[in-house]
$ cat work.cif   # mmCIF, C-alpha atoms
data_target
loop_
_atom_site.label_atom_id
_atom_site.label_comp_id
_atom_site.auth_asym_id
_atom_site.auth_seq_id
_atom_site.Cartn_x
_atom_site.Cartn_y
_atom_site.Cartn_z
CA MET A 1193 145.67 74.42 77.77
CA LYS A 1194 144.79 71.37 79.88
CA LYS A 1195 141.29 70.96 81.30
CA SER A 1196 142.61 71.20 84.87
CA GLU A 1197 144.34 74.48 84.02
CA ILE A 1198 141.14 75.84 82.50
CA VAL A 1199 139.17 75.04 85.66
CA THR A 1200 141.86 76.60 87.86
CA LEU A 1201 141.94 79.75 85.75
CA ALA A 1202 138.15 79.90 85.80
CA ILE A 1203 138.12 79.84 89.60
CA LEU A 1204 140.68 82.65 89.73
CA LEU A 1205 138.63 84.67 87.25
CA LEU A 1206 135.41 84.28 89.19
CA ILE A 1207 137.09 85.30 92.42
CA SER A 1208 138.37 88.44 90.72
CA LEU A 1209 135.16 89.63 89.03
CA LYS A 1210 134.16 93.24 89.60
CA VAL A 1211 130.64 94.37 90.48
CA SER A 1212 129.42 97.34 88.47
CA ALA A 1213 126.44 98.23 90.66
CA GLU A 1214 126.61 98.65 94.40
CA GLU A 1215 122.83 98.69 94.82
CA TRP A 1216 122.14 95.33 93.18
CA ASP A 1217 120.29 94.11 96.26
CA THR A 1218 117.47 96.62 95.79
CA GLN A 1219 116.65 95.37 92.29
CA GLU A 1220 114.87 92.32 90.88
CA TYR A 1221 117.13 89.78 89.16
CA VAL A 1222 117.22 86.12 88.07
CA PRO A 1223 118.60 84.05 90.99
CA GLY A 1224 121.94 82.41 90.24
CA GLU A 1225 122.52 84.22 86.95
CA TYR A 1226 125.15 86.86 86.16
CA VAL A 1227 126.12 88.75 83.03
CA VAL A 1228 129.92 88.80 82.61
CA GLN A 1229 132.11 90.78 80.23
CA PHE A 1230 135.62 89.40 79.59
CA LYS A 1231 138.47 91.56 78.35
CA ASP A 1232 140.22 89.43 75.75
CA ALA A 1233 139.88 86.47 73.40
CA THR A 1234 141.63 84.07 75.78
CA THR A 1235 138.97 84.46 78.40
CA MET A 1236 136.24 84.39 75.76
CA ARG A 1237 137.51 81.01 74.59
CA LEU A 1238 137.74 79.94 78.19
CA SER A 1239 134.10 80.86 78.72
CA GLU A 1240 133.11 78.70 75.78
CA ASP A 1241 135.09 75.78 77.23
CA LEU A 1242 133.17 76.25 80.47
CA ASN A 1243 129.87 76.18 78.53
CA MET A 1244 128.86 79.74 79.32
CA LYS A 1245 126.13 81.13 77.10
CA ALA A 1246 127.28 83.85 74.72
CA ILE A 1247 125.22 87.04 74.74
CA ASP A 1248 127.56 89.04 72.49
CA ALA A 1249 130.72 87.01 71.85
CA LYS A 1250 132.27 89.80 69.78
CA ARG A 1251 132.25 92.06 72.82
CA GLY A 1252 133.05 89.25 75.27
CA ILE A 1253 129.68 89.31 77.05
CA TYR A 1254 128.41 86.01 78.46
CA LEU A 1255 125.73 84.66 80.77
CA LEU A 1256 127.19 82.84 83.78
CA LYS A 1257 125.01 80.47 85.78
CA ARG A 1258 125.87 79.64 89.38
CA PRO A 1259 124.00 77.31 91.76
CA MET A 1260 120.92 79.11 93.13
CA VAL A 1261 121.74 77.82 96.61
CA GLU A 1262 124.66 80.23 96.70
CA ARG A 1263 123.72 83.49 98.33
CA THR A 1264 123.99 86.30 95.83
CA GLU A 1265 125.62 88.66 98.31
CA SER A 1266 128.29 86.07 99.13
CA VAL A 1267 129.07 85.43 95.47
CA LEU A 1268 129.28 89.14 94.65
CA ALA A 1269 131.47 89.77 97.68
CA GLN A 1270 134.08 87.54 96.03
CA PHE A 1271 133.68 89.41 92.76
CA ARG A 1272 134.95 92.63 94.32
CA SER A 1273 138.48 91.20 94.44
CA ASP A 1274 140.94 92.94 92.09
CA GLN A 1275 143.45 90.12 91.62
CA SER A 1276 142.79 89.29 87.96
CA PRO A 1277 142.70 91.67 84.99
CA ASN A 1278 140.80 89.24 82.76
CA VAL A 1279 137.23 90.11 83.73
CA ALA A 1280 135.90 93.60 83.11
CA VAL A 1281 132.40 93.55 84.61
CA ILE A 1282 129.87 91.27 86.26
CA GLU A 1283 126.28 92.15 87.07
CA PRO A 1284 123.28 90.19 88.30
CA ASN A 1285 120.94 89.23 85.45
CA TYR A 1286 118.47 92.01 86.22
CA ILE A 1287 114.76 91.72 85.45
CA TYR A 1288 113.10 94.68 83.76
CA ARG A 1289 109.38 95.40 83.47
CA SER A 1290 107.59 97.97 81.39
CA PHE A 1291 105.79 100.67 83.35
CA TYR A 1292 102.25 100.20 82.11
CA ARG A 1293 100.53 103.37 80.98
CA PRO A 1294 96.75 103.03 80.63
CA SER A 1295 94.83 104.89 77.94
CA ASP A 1296 92.93 107.09 80.42
CA PRO A 1297 93.71 110.70 79.35
CA LEU A 1298 93.75 112.09 82.91
CA PHE A 1299 96.10 109.41 84.24
CA GLU A 1300 99.06 111.81 84.03
CA THR A 1301 97.44 113.97 86.74
CA GLN A 1302 97.30 110.99 89.14
CA SER A 1303 100.62 111.51 90.87
CA SER A 1304 99.46 109.22 93.68
CA LEU A 1305 99.56 106.21 91.32
CA SER A 1306 102.83 106.60 89.43
CA ASP A 1307 106.19 108.23 90.03
CA LEU A 1308 106.19 109.13 86.33
CA ASN A 1309 103.11 111.32 86.76
CA THR A 1310 104.60 114.68 87.64
CA THR A 1311 101.61 116.90 86.83
CA ASN A 1312 99.63 118.07 89.85
CA CYS A 1313 95.94 118.94 90.08
CA ASP A 1314 96.64 122.48 88.89
CA GLY A 1315 98.41 121.22 85.77
CA GLU A 1316 101.78 122.29 87.15
CA GLN A 1317 104.91 120.16 86.87
CA VAL A 1318 106.51 118.90 90.09
CA GLU A 1319 110.05 117.63 90.47
CA SER A 1320 109.31 114.22 91.94
CA THR A 1321 106.52 112.10 93.33
CA VAL A 1322 106.26 109.35 95.91
CA SER A 1323 103.41 107.23 94.62
CA ILE A 1324 102.09 103.74 95.33
CA GLU A 1325 103.76 102.62 92.04
CA VAL A 1326 100.66 100.88 90.78
CA ASP A 1327 101.86 101.25 87.18
CA ARG A 1328 104.71 98.88 88.02
CA ALA A 1329 102.33 96.58 89.91
CA TRP A 1330 100.08 96.38 86.84
CA GLU A 1331 102.80 94.47 85.02
CA ILE A 1332 102.23 91.70 87.57
CA HIS A 1333 98.46 91.94 88.02
CA ARG A 1334 95.69 94.45 87.27
CA THR A 1335 92.27 93.20 88.26
CA ALA A 1336 90.13 92.03 91.16
CA PRO A 1337 86.82 91.14 89.45
CA GLU A 1338 85.65 88.87 92.27
CA VAL A 1339 86.64 91.17 95.14
CA ILE A 1340 83.89 93.23 96.77
CA VAL A 1341 85.02 96.51 98.32
CA ALA A 1342 82.36 98.31 100.37
CA VAL A 1343 82.75 102.08 100.12
CA ILE A 1344 81.02 103.11 103.35
CA ASP A 1345 80.49 106.79 102.66
CA THR A 1346 78.13 109.19 100.83
CA GLY A 1347 77.32 106.67 98.11
CA ILE A 1348 78.73 106.19 94.63
CA SER A 1349 77.61 108.00 91.48
CA TYR A 1350 75.75 105.28 89.60
CA GLY A 1351 75.80 107.05 86.26
CA HIS A 1352 79.45 108.09 86.19
CA SER A 1353 81.04 106.65 83.08
CA ASP A 1354 84.26 105.84 84.96
CA LEU A 1355 82.45 104.06 87.83
CA LYS A 1356 79.29 102.36 86.58
CA GLU A 1357 81.03 99.36 85.03
CA ASN A 1358 82.73 98.47 88.31
CA LEU A 1359 79.68 98.75 90.57
CA TRP A 1360 78.86 95.68 92.63
CA THR A 1361 75.56 94.14 91.53
CA ASN A 1362 73.24 92.13 93.72
CA ARG A 1363 71.97 89.75 91.04
CA ALA A 1364 68.94 88.57 93.03
CA GLU A 1365 67.65 92.14 93.22
CA ALA A 1366 68.77 93.17 89.73
CA ASP A 1367 66.92 90.20 88.22
CA GLY A 1368 64.00 90.37 90.66
CA LEU A 1369 60.83 92.41 91.01
CA PRO A 1370 60.80 96.12 91.87
CA GLY A 1371 59.65 96.82 95.41
CA VAL A 1372 60.33 93.25 96.55
CA ASP A 1373 63.07 91.97 98.86
CA ASP A 1374 64.06 89.30 96.34
CA ASP A 1375 67.06 87.94 98.26
CA GLY A 1376 65.43 88.11 101.69
CA ASN A 1377 68.23 90.15 103.26
CA GLY A 1378 65.85 92.69 104.76
CA TYR A 1379 66.51 95.39 102.14
CA VAL A 1380 64.41 96.14 99.06
CA ASP A 1381 65.94 96.84 95.65
CA ASP A 1382 69.52 97.01 96.95
CA ILE A 1383 70.95 96.41 93.49
CA HIS A 1384 74.31 98.19 93.93
CA GLY A 1385 74.22 98.72 97.69
CA TYR A 1386 71.95 100.50 100.16
CA ASN A 1387 71.15 104.01 101.32
CA PHE A 1388 70.77 104.10 105.11
CA VAL A 1389 70.20 107.84 105.18
CA ASP A 1390 66.92 107.64 103.25
CA ASN A 1391 66.31 103.91 103.85
CA VAL A 1392 66.05 103.13 100.13
CA GLY A 1393 67.82 100.76 97.77
CA THR A 1394 69.50 103.45 95.68
CA ALA A 1395 72.79 104.65 97.18
CA ASP A 1396 73.60 107.22 94.51
CA ASP A 1397 76.09 109.87 95.64
CA ASP A 1398 74.68 113.33 96.38
CA HIS A 1399 77.90 114.73 97.84
CA GLY A 1400 80.97 113.59 95.86
CA HIS A 1401 83.11 112.25 98.68
CA GLY A 1402 82.12 108.62 98.26
CA SER A 1403 82.57 108.71 94.48
CA HIS A 1404 86.02 110.22 94.94
CA CYS A 1405 87.03 107.35 97.21
CA ALA A 1406 85.48 104.80 94.85
CA GLY A 1407 87.41 106.21 91.88
CA VAL A 1408 90.74 105.74 93.64
CA ILE A 1409 89.89 102.09 94.30
CA GLY A 1410 88.32 101.18 91.00
CA ALA A 1411 87.58 103.80 88.37
CA LYS A 1412 87.40 101.89 85.09
CA SER A 1413 90.95 101.81 83.76
CA ASP A 1414 92.30 101.70 80.23
CA ASN A 1415 88.94 102.79 78.77
CA HIS A 1416 90.23 105.91 76.96
CA GLU A 1417 88.27 108.07 79.40
CA GLY A 1418 88.95 110.02 82.59
CA ILE A 1419 91.22 108.53 85.21
CA ALA A 1420 92.51 105.10 86.14
CA GLY A 1421 91.58 103.23 89.30
CA ILE A 1422 94.02 101.02 91.17
CA ASN A 1423 91.98 98.02 89.98
CA PHE A 1424 91.00 97.73 86.32
CA GLU A 1425 88.09 95.59 87.49
CA VAL A 1426 86.64 95.35 91.01
CA GLN A 1427 83.20 95.27 92.64
CA LEU A 1428 82.44 98.61 94.30
CA MET A 1429 79.59 98.28 96.80
CA ALA A 1430 77.85 101.60 97.52
CA VAL A 1431 76.98 101.72 101.22
CA LYS A 1432 75.61 105.17 102.00
CA PHE A 1433 75.29 106.33 105.60
CA LEU A 1434 76.63 109.88 105.18
CA SER A 1435 74.18 112.49 103.93
CA ALA A 1436 74.55 115.12 101.21
CA SER A 1437 76.23 117.30 103.84
CA GLY A 1438 78.67 114.51 104.76
CA ILE A 1439 77.10 113.74 108.14
CA GLY A 1440 76.02 110.35 109.51
CA THR A 1441 74.94 108.73 112.76
CA LEU A 1442 76.10 105.86 114.93
CA GLU A 1443 72.83 104.07 114.16
CA ASN A 1444 73.43 104.11 110.44
CA ALA A 1445 77.16 103.43 110.72
CA ILE A 1446 76.36 100.16 112.50
CA LYS A 1447 73.76 99.28 109.88
CA ALA A 1448 76.18 100.11 107.06
CA ILE A 1449 78.98 97.95 108.43
CA ASP A 1450 76.63 95.06 109.10
CA TYR A 1451 75.14 95.34 105.60
CA ALA A 1452 78.59 95.25 103.96
CA THR A 1453 79.51 92.26 106.10
CA GLN A 1454 76.25 90.44 105.38
CA MET A 1455 76.59 90.95 101.62
CA GLY A 1456 80.12 89.57 101.42
CA ALA A 1457 82.47 92.55 101.21
CA ALA A 1458 86.07 91.46 101.74
CA ILE A 1459 87.32 95.01 102.30
CA LEU A 1460 85.46 97.83 104.04
CA SER A 1461 86.83 101.26 103.09
CA ASN A 1462 86.03 103.91 105.72
CA SER A 1463 86.92 107.56 105.11
CA TRP A 1464 85.00 109.01 108.04
CA GLY A 1465 85.24 109.42 111.80
CA GLY A 1466 84.23 111.34 114.87
CA GLY A 1467 82.48 110.85 118.15
CA SER A 1468 83.65 109.04 121.24
CA LYS A 1469 84.55 105.40 121.53
CA SER A 1470 81.45 103.31 120.93
CA GLN A 1471 81.11 99.76 122.20
CA LEU A 1472 78.35 99.02 119.69
CA LEU A 1473 80.31 100.33 116.69
CA MET A 1474 83.34 98.32 117.77
CA GLU A 1475 81.18 95.20 117.95
CA ALA A 1476 79.99 95.81 114.37
CA ILE A 1477 83.64 95.97 113.29
CA GLU A 1478 84.28 92.75 115.18
CA ARG A 1479 81.44 91.10 113.27
CA ALA A 1480 83.15 92.18 110.05
CA ARG A 1481 86.37 90.67 111.38
CA ASP A 1482 84.62 87.41 112.20
CA ALA A 1483 83.42 87.30 108.59
CA GLY A 1484 87.01 87.75 107.39
CA ALA A 1485 86.83 91.39 106.24
CA LEU A 1486 89.62 93.97 106.43
CA PHE A 1487 88.44 97.32 107.87
CA VAL A 1488 90.54 100.15 106.38
CA ALA A 1489 90.06 103.46 108.24
CA ALA A 1490 91.22 107.03 107.70
CA ALA A 1491 93.38 108.18 110.63
CA GLY A 1492 91.73 111.63 110.80
CA ASN A 1493 92.51 115.19 109.75
CA ASP A 1494 93.27 116.92 113.05
CA GLY A 1495 97.06 116.84 112.77
CA LYS A 1496 97.25 115.05 116.12
CA ASP A 1497 98.92 111.97 117.57
CA ASN A 1498 96.40 109.15 117.74
CA ASP A 1499 98.62 107.38 120.27
CA VAL A 1500 97.68 110.12 122.73
CA ASN A 1501 94.28 111.22 121.46
CA PRO A 1502 92.48 108.33 119.72
CA THR A 1503 90.33 108.91 116.65
CA TYR A 1504 87.48 106.53 115.90
CA PRO A 1505 86.87 104.24 114.11
CA ALA A 1506 90.59 104.17 113.21
CA SER A 1507 91.67 103.70 116.83
CA TYR A 1508 89.57 100.66 117.67
CA GLU A 1509 91.96 97.95 118.77
CA VAL A 1510 90.41 95.20 116.67
CA ASP A 1511 92.88 93.26 114.57
CA ASN A 1512 91.10 93.78 111.24
CA VAL A 1513 91.29 97.59 111.60
CA LEU A 1514 94.02 99.23 109.51
CA PRO A 1515 94.41 102.99 110.17
CA VAL A 1516 95.95 105.11 107.39
CA ALA A 1517 97.69 108.49 107.56
CA ALA A 1518 97.94 110.84 104.56
CA SER A 1519 101.18 111.57 102.73
CA THR A 1520 102.02 114.40 100.32
CA ILE A 1521 103.20 114.12 96.75
CA GLN A 1522 106.78 114.08 98.10
CA GLY A 1523 105.97 111.35 100.63
CA ASP A 1524 105.99 113.45 103.79
CA ARG A 1525 103.09 113.39 106.23
CA ALA A 1526 100.44 115.85 105.11
CA TRP A 1527 100.21 118.72 107.59
CA PHE A 1528 96.57 117.92 108.44
CA SER A 1529 97.00 114.18 108.88
CA ASN A 1530 96.80 112.39 112.20
CA TYR A 1531 99.67 110.05 112.95
CA GLY A 1532 100.93 107.65 115.60
CA LEU A 1533 103.91 105.33 115.86
CA ARG A 1534 101.85 102.77 117.75
CA SER A 1535 98.36 103.37 116.43
CA VAL A 1536 98.87 104.26 112.74
CA PRO A 1537 100.87 101.63 110.86
CA LEU A 1538 101.30 103.30 107.46
CA ALA A 1539 100.61 106.26 105.21
CA ALA A 1540 99.17 106.61 101.71
CA PRO A 1541 98.78 109.50 99.25
CA GLY A 1542 96.13 111.90 100.53
CA HIS A 1543 97.19 115.38 99.42
CA TYR A 1544 95.75 116.76 96.15
CA VAL A 1545 94.42 113.45 94.89
CA TYR A 1546 92.59 113.57 91.56
CA SER A 1547 89.56 111.29 91.27
CA THR A 1548 85.90 110.98 90.31
CA VAL A 1549 82.99 113.01 91.71
CA GLN A 1550 79.29 112.98 90.72
CA SER A 1551 79.55 114.90 87.47
CA GLY A 1552 83.22 114.70 86.65
CA TYR A 1553 86.60 114.80 88.37
CA ARG A 1554 88.11 116.85 91.15
CA CYS A 1555 91.11 117.17 93.43
CA MET A 1556 90.57 116.46 97.12
CA SER A 1557 92.82 116.18 100.15
CA GLY A 1558 92.46 114.28 103.40
CA THR A 1559 93.08 110.97 105.08
CA SER A 1560 89.77 110.21 103.37
CA MET A 1561 91.78 110.00 100.14
CA ALA A 1562 94.57 107.98 101.75
CA ALA A 1563 92.33 105.16 103.02
CA PRO A 1564 91.00 104.14 99.57
CA HIS A 1565 94.55 103.88 98.24
CA VAL A 1566 95.15 101.19 100.85
CA SER A 1567 91.77 99.59 100.18
CA GLY A 1568 92.55 99.54 96.47
CA VAL A 1569 95.95 97.92 96.93
CA ALA A 1570 94.41 95.38 99.30
CA ALA A 1571 91.81 94.51 96.65
CA LEU A 1572 94.50 94.19 93.98
CA ALA A 1573 96.44 91.79 96.23
CA LEU A 1574 93.31 89.77 96.95
CA GLY A 1575 92.50 89.63 93.25
CA PHE A 1576 95.96 88.16 92.65
CA ARG A 1577 95.97 85.81 95.64
CA PRO A 1578 92.32 85.12 96.65
CA ASN A 1579 93.25 82.95 99.62
CA LEU A 1580 94.86 85.79 101.57
CA SER A 1581 93.20 86.38 104.95
CA TYR A 1582 92.53 89.84 106.39
CA LEU A 1583 95.53 89.31 108.66
CA ASP A 1584 97.69 88.37 105.66
CA LEU A 1585 96.56 91.50 103.85
CA LYS A 1586 97.18 93.74 106.83
CA ASP A 1587 100.66 92.30 107.37
CA LEU A 1588 101.60 92.58 103.70
CA LEU A 1589 100.34 96.15 103.35
CA VAL A 1590 102.42 97.28 106.31
CA ARG A 1591 105.49 95.12 105.66
CA THR A 1592 105.94 96.11 102.01
CA VAL A 1593 105.68 99.90 102.37
CA ARG A 1594 108.01 102.25 100.58
CA PRO A 1595 110.25 103.56 103.38
CA ILE A 1596 110.34 107.35 103.71
CA PRO A 1597 112.86 108.84 106.20
CA SER A 1598 110.52 111.66 107.26
CA LEU A 1599 107.82 109.13 108.20
CA LYS A 1600 109.97 107.11 110.60
CA SER A 1601 108.74 109.13 113.55
CA GLU A 1602 105.17 109.45 112.24
CA VAL A 1603 103.79 105.96 111.43
CA GLY A 1604 104.70 102.50 112.62
CA SER A 1605 106.16 101.19 109.35
CA GLY A 1606 107.88 104.46 108.45
CA GLY A 1607 106.52 104.32 104.92
CA VAL A 1608 103.89 104.73 102.23
CA VAL A 1609 101.81 101.81 100.91
CA ASN A 1610 103.35 100.37 97.74
CA ALA A 1611 101.42 98.20 95.30
CA TYR A 1612 104.50 97.02 93.42
CA ASN A 1613 106.39 95.90 96.52
CA LEU A 1614 103.34 94.01 97.76
CA LEU A 1615 102.67 92.13 94.52
CA ARG A 1616 106.33 91.25 94.15
CA GLU A 1617 106.23 89.81 97.64
CA ILE A 1618 103.40 87.42 96.73
CA GLU A 1619 104.29 86.89 93.06
#
$ encode --input "work.cif" --output "structure tokens"
Amino acid sequence: MKKSEIVTLAILLLISLKVSAEEWDTQEYVPGEYVVQFKDATTMRLSEDLNMKAIDAKRGIYLLKRPMVERTESVLAQFRSDQSPNVAVIEPNYIYRSFYRPSDPLFETQSSLSDLNTTNCDGEQVESTVSIEVDRAWEIHRTAPEVIVAVIDTGISYGHSDLKENLWTNRAEADGLPGVDDDGNGYVDDIHGYNFVDNVGTADDDHGHGSHCAGVIGAKSDNHEGIAGINFEVQLMAVKFLSASGIGTLENAIKAIDYATQMGAAILSNSWGGGSKSQLLMEAIERARDAGALFVAAAGNDGKDNDVNPTYPASYEVDNVLPVAASTIQGDRAWFSNYGLRSVPLAAPGHYVYSTVQSGYRCMSGTSMAAPHVSGVAALALGFRPNLSYLDLKDLLVRTVRPIPSLKSEVGSGGVVNAYNLLREIE
């Protein structure tokens, strides 16, 4: 066969290739590469003449490389032609990743983190889960050791074995003298944060709510104990302004936000709300914005439309505020969760979430549980790409959600936050 005839036949073959998967465009693949199976020895020899790379020559399977400037959808549109019988199958050269499973024994109960975790808080099996797919994201990146996340809440359990290693530490105070404001920030002995309820340096959790939120963001992962946090490593700043009964004041909320801002938190996780619109609280959030911090806020648990009846602080129209609704294990809006097509951009798991409390682990529900999922994913993204601004983070979190049909009329993006989609976007 002459060289010109080989080239001509090759063109006819490529025009006639069949696509085996109709949903190729939803999967990750190597640009410009296709895996082809030929039917007979003639075409196998032809492929060798064209310098295709043999994968399994005996079975006629070869790797075909096309120019990356060619749009994949345009190339595959040609392959749907049925004019030539010589090519059996062509597929994009798909990329596969292992779904990382940490050693934490209770990870299988964390249905909010992995679609493969189908055991709920009661130990019962469920048919399917709509998670944030952090197990897939972990194959890209797992840690945020330089990222400070302020958990503005009831404190964090300092002694919890799944939390203590990821507590933020103020080195000036940790290495300084007891009873002395070693770093001159106006607060004494604020080693891991500050307690604005009792006005002391120890912000240990006496309720459980704050520890639960902290565990979602950064329980120590892969340590053969308890649960896994979204971030294997992260700096959890304990900023306590809610009391043992879960109640706080405007005065202390302002102080808490300003403290987190002053001490360098990049993400402020806020699973609280109430009261009327406050000019002074909004200005504290604006100060956090001016320092470059993302303010993640629970949308509220009243089952109402925040477009019509605002809930604060989630409804402050400051561009670093990111309100979060709660989704169920199936991805639907939780019955209690506030929503809003204009005012609530996205949802996150918030129904029967398993996480840390003072003396162990417990299931909790609420938009309080949804907000730290978003805070955790934001921290993971910032750990991977430290130069992302709060606006970059907010845009990415909303733009890379996992679309859920039932959420289209509930939240602006119509979806649930997705760690894997986000990291793939910035990979």
$ residues_around --input "work.cif" --residues "Ile1477 (chain A)" --least-positions-apart "3" --cutoff "12 Å" --atoms "all atoms listed in the file" --output "PyMOL selection string"
chain A and resi 1445-1453+1459-1462+1470-1474+1480-1489+1504-1514
$ resolve_selection --input "work.cif" --expression "the PyMOL selection byres ((chain A and resi 1315) around 12)" --output "ChimeraX atom specification"
/A:1298,1300-1303,1309-1314,1316-1318,1544,1546,1555
$ atom_distance --input "work.cif" --atom1 "CA of Asp1497 (chain A)" --atom2 "CA of Leu1305 (chain A)"
26.9 Å
$ atom_distance --input "work.cif" --atom1 "CA of Glu1619 (chain A)" --atom2 "CA of Ala1540 (chain A)"
22.1 Å
$ resolve_selection --input "work.cif" --expression "the PyMOL selection byres ((chain A and resi 1393) around 8)" --output "list in words"
Tyr1379, Val1380, Asp1381, Asp1382, Ile1383, His1384, Gly1385, Tyr1386, Asn1387, Asn1391, Val1392, Thr1394 and Ala1395 of chain A
$ residues_around --input "work.cif" --residues "Val1426 (chain A)" --least-positions-apart "5" --cutoff "6 Å" --atoms "all atoms listed in the file" --output "ChimeraX atom specification"
/A:1336-1337,1339,1358
$ resolve_selection --input "work.cif" --expression "the PyMOL selection byres ((chain A and resi 1558) around 8)" --output "ChimeraX atom specification"
/A:1492-1493,1518,1528-1529,1542-1543,1556-1557,1559-1562
$ closest_residue --input "work.cif" --among "A:Leu1369, A:Ala1420, A:Leu1308, A:Ala1573" --to "Ile1521 (chain A)" --atoms "all atoms listed in the file"
A:Leu1308
